[in-house]
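Engineer: What follows is start.cif, mmCIF, C-alpha atoms, pLDDT in the B column; chains and numbers go by the auth columns.
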```cif
data_entry
#
loop_
_atom_site.group_PDB
_atom_site.id
_atom_site.type_symbol
_atom_site.label_atom_id
_atom_site.label_comp_id
_atom_site.label_asym_id
_atom_site.label_seq_id
_atom_site.Cartn_x
_atom_site.Cartn_y
_atom_site.Cartn_z
_atom_site.B_iso_or_equiv
_atom_site.auth_seq_id
_atom_site.auth_asym_id
ATOM 1 C CA MET A 1 63.387 13.940 7.978 72.00 1 A
ATOM 2 C CA LYS A 2 64.076 14.601 4.304 72.00 2 A
ATOM 3 C CA LYS A 3 65.186 11.005 3.803 69.00 3 A
ATOM 4 C CA LEU A 4 61.921 9.740 5.293 63.00 4 A
ATOM 5 C CA ALA A 5 59.871 12.038 3.051 60.00 5 A
ATOM 6 C CA VAL A 6 61.816 10.896 -0.040 54.00 6 A
ATOM 7 C CA CYS A 7 61.337 7.219 0.917 54.00 7 A
ATOM 8 C CA ILE A 8 57.591 7.685 1.407 64.00 8 A
ATOM 9 C CA PHE A 9 57.316 9.566 -1.890 54.00 9 A
ATOM 10 C CA LEU A 10 59.192 6.817 -3.761 51.00 10 A
ATOM 11 C CA TRP A 11 57.081 4.121 -2.100 50.00 11 A
ATOM 12 C CA VAL A 12 53.844 5.872 -3.134 49.00 12 A
ATOM 13 C CA MET A 13 55.112 6.297 -6.699 49.00 13 A
ATOM 14 C CA MET A 14 55.889 2.564 -6.930 49.00 14 A
ATOM 15 C CA LEU A 15 52.330 1.523 -6.057 46.00 15 A
ATOM 16 C CA PRO A 16 50.470 -0.082 -8.954 44.00 16 A
ATOM 17 C CA ALA A 17 48.148 2.271 -10.824 40.00 17 A
ATOM 18 C CA GLY A 18 45.067 0.311 -9.724 40.00 18 A
ATOM 19 C CA LEU A 19 45.821 0.918 -6.056 40.00 19 A
ATOM 20 C CA LYS A 20 46.090 4.662 -6.539 40.00 20 A
ATOM 21 C CA ALA A 21 42.965 4.923 -8.684 47.00 21 A
ATOM 22 C CA GLU A 22 39.660 6.085 -7.305 77.00 22 A
ATOM 23 C CA ASP A 23 37.016 3.427 -6.728 77.00 23 A
ATOM 24 C CA PHE A 24 33.376 2.953 -5.681 84.00 24 A
ATOM 25 C CA LEU A 25 32.516 -0.282 -3.836 82.00 25 A
ATOM 26 C CA GLY A 26 35.725 -1.763 -5.238 82.00 26 A
ATOM 27 C CA ALA A 27 34.822 -0.906 -8.838 85.00 27 A
ATOM 28 C CA PRO A 28 37.321 1.388 -10.573 88.00 28 A
ATOM 29 C CA VAL A 29 36.183 4.914 -11.412 89.00 29 A
ATOM 30 C CA ILE A 30 37.591 6.830 -14.368 86.00 30 A
ATOM 31 C CA PRO A 31 39.771 9.666 -13.054 84.00 31 A
ATOM 32 C CA GLY A 32 38.524 13.158 -13.804 81.00 32 A
ATOM 33 C CA GLY A 33 34.856 12.226 -14.069 81.00 33 A
ATOM 34 C CA LYS A 34 32.215 14.625 -12.759 85.00 34 A
ATOM 35 C CA THR A 35 29.935 12.957 -10.185 86.00 35 A
ATOM 36 C CA THR A 36 26.261 13.704 -10.858 88.00 36 A
ATOM 37 C CA LEU A 37 24.752 11.405 -8.193 90.00 37 A
ATOM 38 C CA GLN A 38 26.264 9.369 -5.401 87.00 38 A
ATOM 39 C CA THR A 39 24.425 7.283 -2.818 89.00 39 A
ATOM 40 C CA GLU A 40 25.409 4.192 -0.840 87.00 40 A
ATOM 41 C CA ALA A 41 24.190 1.953 -3.657 87.00 41 A
ATOM 42 C CA ARG A 42 24.750 3.999 -6.829 90.00 42 A
ATOM 43 C CA LEU A 43 27.316 6.261 -8.461 91.00 43 A
ATOM 44 C CA GLU A 44 26.539 8.224 -11.618 91.00 44 A
ATOM 45 C CA LEU A 45 29.236 10.249 -13.295 90.00 45 A
ATOM 46 C CA THR A 46 30.042 11.899 -16.578 88.00 46 A
ATOM 47 C CA ALA A 47 33.565 11.284 -17.819 87.00 47 A
ATOM 48 C CA THR A 48 35.418 13.522 -20.228 85.00 48 A
ATOM 49 C CA VAL A 49 36.426 10.522 -22.348 88.00 49 A
ATOM 50 C CA SER A 50 34.468 8.881 -25.158 87.00 50 A
ATOM 51 C CA HIS A 51 32.467 5.664 -24.812 88.00 51 A
ATOM 52 C CA ASP A 52 35.191 3.583 -26.480 88.00 52 A
ATOM 53 C CA GLN A 53 37.904 5.030 -24.232 89.00 53 A
ATOM 54 C CA ALA A 54 35.782 4.312 -21.150 89.00 54 A
ATOM 55 C CA VAL A 55 35.214 0.693 -22.243 91.00 55 A
ATOM 56 C CA GLU A 56 38.942 0.300 -22.879 92.00 56 A
ATOM 57 C CA PHE A 57 39.690 1.694 -19.390 91.00 57 A
ATOM 58 C CA TYR A 58 37.332 -0.815 -17.767 90.00 58 A
ATOM 59 C CA GLN A 59 38.638 -3.723 -19.852 91.00 59 A
ATOM 60 C CA LYS A 60 42.160 -2.988 -18.630 91.00 60 A
ATOM 61 C CA ALA A 61 41.096 -2.294 -15.040 89.00 61 A
ATOM 62 C CA LEU A 62 38.981 -5.466 -14.752 88.00 62 A
ATOM 63 C CA GLU A 63 41.081 -7.912 -16.779 87.00 63 A
ATOM 64 C CA GLY A 64 42.229 -9.874 -13.711 84.00 64 A
ATOM 65 C CA TYR A 65 38.689 -10.739 -12.597 84.00 65 A
ATOM 66 C CA GLN A 66 37.106 -14.038 -13.685 86.00 66 A
ATOM 67 C CA ASP A 67 33.385 -13.406 -13.288 86.00 67 A
ATOM 68 C CA ILE A 68 33.145 -10.143 -15.258 89.00 68 A
ATOM 69 C CA LYS A 69 31.025 -10.109 -18.416 90.00 69 A
ATOM 70 C CA PHE A 70 30.963 -7.313 -21.001 91.00 70 A
ATOM 71 C CA ARG A 71 27.733 -6.961 -22.978 91.00 71 A
ATOM 72 C CA ASP A 72 27.515 -4.556 -25.899 90.00 72 A
ATOM 73 C CA TRP A 73 23.944 -3.309 -26.230 89.00 73 A
ATOM 74 C CA LYS A 74 22.452 -0.820 -28.679 87.00 74 A
ATOM 75 C CA ASP A 75 22.365 2.088 -26.192 89.00 75 A
ATOM 76 C CA ALA A 76 25.124 1.129 -23.753 90.00 76 A
ATOM 77 C CA THR A 77 27.887 -1.236 -22.787 92.00 77 A
ATOM 78 C CA TYR A 78 26.925 -3.254 -19.721 92.00 78 A
ATOM 79 C CA ILE A 79 29.618 -4.726 -17.481 92.00 79 A
ATOM 80 C CA GLU A 80 28.275 -7.249 -14.990 90.00 80 A
ATOM 81 C CA ASP A 81 29.891 -9.040 -12.077 86.00 81 A
ATOM 82 C CA ASP A 82 28.573 -12.565 -11.621 82.00 82 A
ATOM 83 C CA GLY A 83 30.910 -13.187 -8.701 81.00 83 A
ATOM 84 C CA SER A 84 31.004 -11.926 -5.144 80.00 84 A
ATOM 85 C CA LEU A 85 32.148 -8.332 -5.585 83.00 85 A
ATOM 86 C CA LYS A 86 30.283 -5.537 -3.791 84.00 86 A
ATOM 87 C CA TRP A 87 29.170 -3.915 -7.049 88.00 87 A
ATOM 88 C CA HIS A 88 26.740 -5.509 -9.489 86.00 88 A
ATOM 89 C CA SER A 89 27.096 -3.606 -12.753 90.00 89 A
ATOM 90 C CA ILE A 90 28.727 -0.752 -14.611 92.00 90 A
ATOM 91 C CA THR A 91 26.754 0.799 -17.464 92.00 91 A
ATOM 92 C CA ILE A 92 28.516 3.040 -19.994 92.00 92 A
ATOM 93 C CA SER A 93 26.080 4.984 -22.161 90.00 93 A
ATOM 94 C CA LYS A 94 26.722 5.390 -25.896 84.00 94 A
ATOM 95 C CA GLN A 95 24.349 8.327 -26.435 76.00 95 A
ATOM 96 C CA ASP A 96 26.128 11.186 -24.694 67.00 96 A
ATOM 97 C CA ALA A 97 28.054 13.585 -26.943 68.00 97 A
ATOM 98 C CA GLU A 98 29.877 15.486 -24.185 75.00 98 A
ATOM 99 C CA GLY A 99 31.384 12.337 -22.620 79.00 99 A
ATOM 100 C CA ALA A 100 30.578 8.883 -21.380 84.00 100 A
ATOM 101 C CA ASN A 101 27.795 8.639 -18.810 89.00 101 A
ATOM 102 C CA ILE A 102 28.825 5.886 -16.361 90.00 102 A
ATOM 103 C CA VAL A 103 26.592 4.288 -13.715 92.00 103 A
ATOM 104 C CA ILE A 104 27.955 1.877 -11.084 91.00 104 A
ATOM 105 C CA VAL A 105 25.313 -0.029 -9.089 91.00 105 A
ATOM 106 C CA LYS A 106 25.758 -1.947 -5.836 89.00 106 A
ATOM 107 C CA ASP A 107 24.754 -5.585 -5.611 80.00 107 A
ATOM 108 C CA ASN A 108 21.470 -5.753 -3.699 79.00 108 A
ATOM 109 C CA TRP A 109 19.479 -8.506 -2.038 82.00 109 A
ATOM 110 C CA THR A 110 16.348 -7.747 -4.048 84.00 110 A
ATOM 111 C CA TRP A 111 18.129 -8.787 -7.230 76.00 111 A
ATOM 112 C CA ILE A 112 19.706 -11.853 -5.619 81.00 112 A
ATOM 113 C CA ILE A 113 16.530 -13.169 -3.974 91.00 113 A
ATOM 114 C CA GLY A 114 14.416 -12.352 -7.039 91.00 114 A
ATOM 115 C CA THR A 115 16.747 -14.373 -9.270 88.00 115 A
ATOM 116 C CA LEU A 116 16.727 -17.321 -6.875 92.00 116 A
ATOM 117 C CA ILE A 117 12.914 -17.314 -6.601 96.00 117 A
ATOM 118 C CA LEU A 118 12.577 -17.101 -10.388 95.00 118 A
ATOM 119 C CA ARG A 119 14.857 -20.119 -10.817 95.00 119 A
ATOM 120 C CA TYR A 120 13.057 -22.053 -8.073 96.00 120 A
ATOM 121 C CA VAL A 121 9.627 -21.431 -9.618 97.00 121 A
ATOM 122 C CA GLY A 122 11.012 -22.104 -13.109 96.00 122 A
ATOM 123 C CA VAL A 123 12.113 -25.604 -12.133 97.00 123 A
ATOM 124 C CA PHE A 124 8.599 -26.484 -10.963 97.00 124 A
ATOM 125 C CA VAL A 125 7.006 -25.010 -14.088 97.00 125 A
ATOM 126 C CA VAL A 126 9.254 -27.185 -16.256 97.00 126 A
ATOM 127 C CA LEU A 127 8.456 -30.260 -14.148 97.00 127 A
ATOM 128 C CA LEU A 128 4.734 -29.486 -14.383 97.00 128 A
ATOM 129 C CA LEU A 129 4.962 -29.218 -18.193 98.00 129 A
ATOM 130 C CA LEU A 130 6.788 -32.557 -18.325 98.00 130 A
ATOM 131 C CA LEU A 131 4.092 -34.145 -16.142 98.00 131 A
ATOM 132 C CA VAL A 132 1.300 -32.834 -18.385 97.00 132 A
ATOM 133 C CA GLY A 133 3.164 -34.086 -21.464 97.00 133 A
ATOM 134 C CA MET A 134 3.605 -37.526 -19.920 97.00 134 A
ATOM 135 C CA ILE A 135 -0.088 -37.709 -18.924 97.00 135 A
ATOM 136 C CA ILE A 136 -1.214 -36.766 -22.456 97.00 136 A
ATOM 137 C CA SER A 137 1.202 -39.188 -24.142 96.00 137 A
ATOM 138 C CA GLY A 138 0.207 -41.935 -21.690 94.00 138 A
ATOM 139 C CA ALA A 139 -3.484 -41.422 -22.501 93.00 139 A
ATOM 140 C CA ILE A 140 -2.809 -41.550 -26.264 93.00 140 A
ATOM 141 C CA ILE A 141 -0.660 -44.657 -26.015 92.00 141 A
ATOM 142 C CA SER A 142 -3.109 -46.462 -23.712 90.00 142 A
ATOM 143 C CA ARG A 143 -5.974 -45.850 -26.190 88.00 143 A
ATOM 144 C CA PHE A 144 -3.863 -47.040 -29.102 86.00 144 A
ATOM 145 C CA PHE A 145 -2.863 -50.297 -27.396 86.00 145 A
ATOM 146 C CA LYS A 146 -6.127 -50.902 -25.597 77.00 146 A
ATOM 147 C CA GLU A 147 -6.618 -54.554 -24.613 75.00 147 A
ATOM 148 C CA GLU A 148 -9.788 -56.215 -25.796 73.00 148 A
ATOM 149 C CA PRO A 149 -11.616 -58.335 -23.216 72.00 149 A
ATOM 150 C CA GLN A 150 -11.117 -62.081 -23.674 74.00 150 A
ATOM 151 C CA ALA A 151 -14.172 -64.276 -23.979 68.00 151 A
ATOM 152 C CA SER A 152 -14.366 -67.096 -21.396 68.00 152 A
ATOM 153 C CA ALA A 153 -15.145 -70.503 -22.732 58.00 153 A
#
```
Could you write out this structure as structure tokens?
Structural biologist:
Amino acid sequence: MKKLAVCIFLWVMMLPAGLKAEDFLGAPVIPGGKTTLQTEARLELTATVSHDQAVEFYQKALEGYQDIKFRDWKDATYIEDDGSLKWHSITISKQDAEGANIVIVKDNWTWIIGTLILRYVGVFVVLLLLLVGMIISGAIISRFFKEEPQASA
């Protein structure tokens, strides 16, 4: 029995750190953070680390993913997944003095469908502007090169 317990303990200790870490929808969560709000689609927590330490944690934890983009804004660092992960974004606030305020948001269909509709409508707006430009330029050119009627003899 002791041998089995020792083997299980050693096996657990050999697991990579990412597999033992806490996560929300597959997104890593900083250990030791205090959860302030948790729903099916959102996790808000306050970590005891600074903003820079939180960003460093997420850069290391997410370095193997291809579709992750880090955006450094004035008030926060925004980490966005443009791939097919279950979570959409992680926002790390820069304003909190007692620790980093971290918000992880689930990918939702409202965002996905809204983006697709915006792109779909945008294509037709661009095509409409091109059509108007071609009509105006055609009218100008046709007036400039207007044919004069020939007199019959």
Engineer: Grab the atom CA of Ser84 of chain A to atom CA of Trp111 of chain A distance for me, in Å with one decimal place.
Structural biologist: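 About the pair atom CA of Ser84 of chain A and atom CA of Trp111 of chain A: they are 13.4 Å apart.
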Engineer: Once the PyMOL selection byres ((chain A and resi 49) around 9) has been applied to the shown file, what residues remain in the selection, as a list in words?
Structural biologist: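 Applied to this file, the PyMOL selection byres ((chain A and resi 49) around 9) returns Ile30, Gly33, Thr46, Ala47, Thr48, Ser50, His51, Asp52, Gln53, Ala54, Glu98, Gly99 and Ala100 of chain A.
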Engineer: What does the PyMOL selection byres ((chain A and resi 93) around 10) select in this file, as a PyMOL selection string?
Structural biologist: chain A and resi 46+50-51+54+73-78+90-92+94-96+99-103
Engineer: Go through A:Arg42, A:Asp72, A:Leu37, A:Pro28 and flag the residue nearest Phe57 of chain A, using only C-alpha atoms for the distances.
Structural biologist: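 Selected residue with least distance to Phe57 of chain A: A:Pro28.
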Engineer: So for segment 65-68 of chain A, what box centre and size do we get, axis-aligned, 5 Å extra on each of the six sides, every listed atom, Å to one decimal, as AutoDock Vina command-line options?
Structural biologist:
```
--center_x 35.9 --center_y -12.1 --center_z -13.9 --size_x 15.5 --size_y 13.9 --size_z 12.7
```
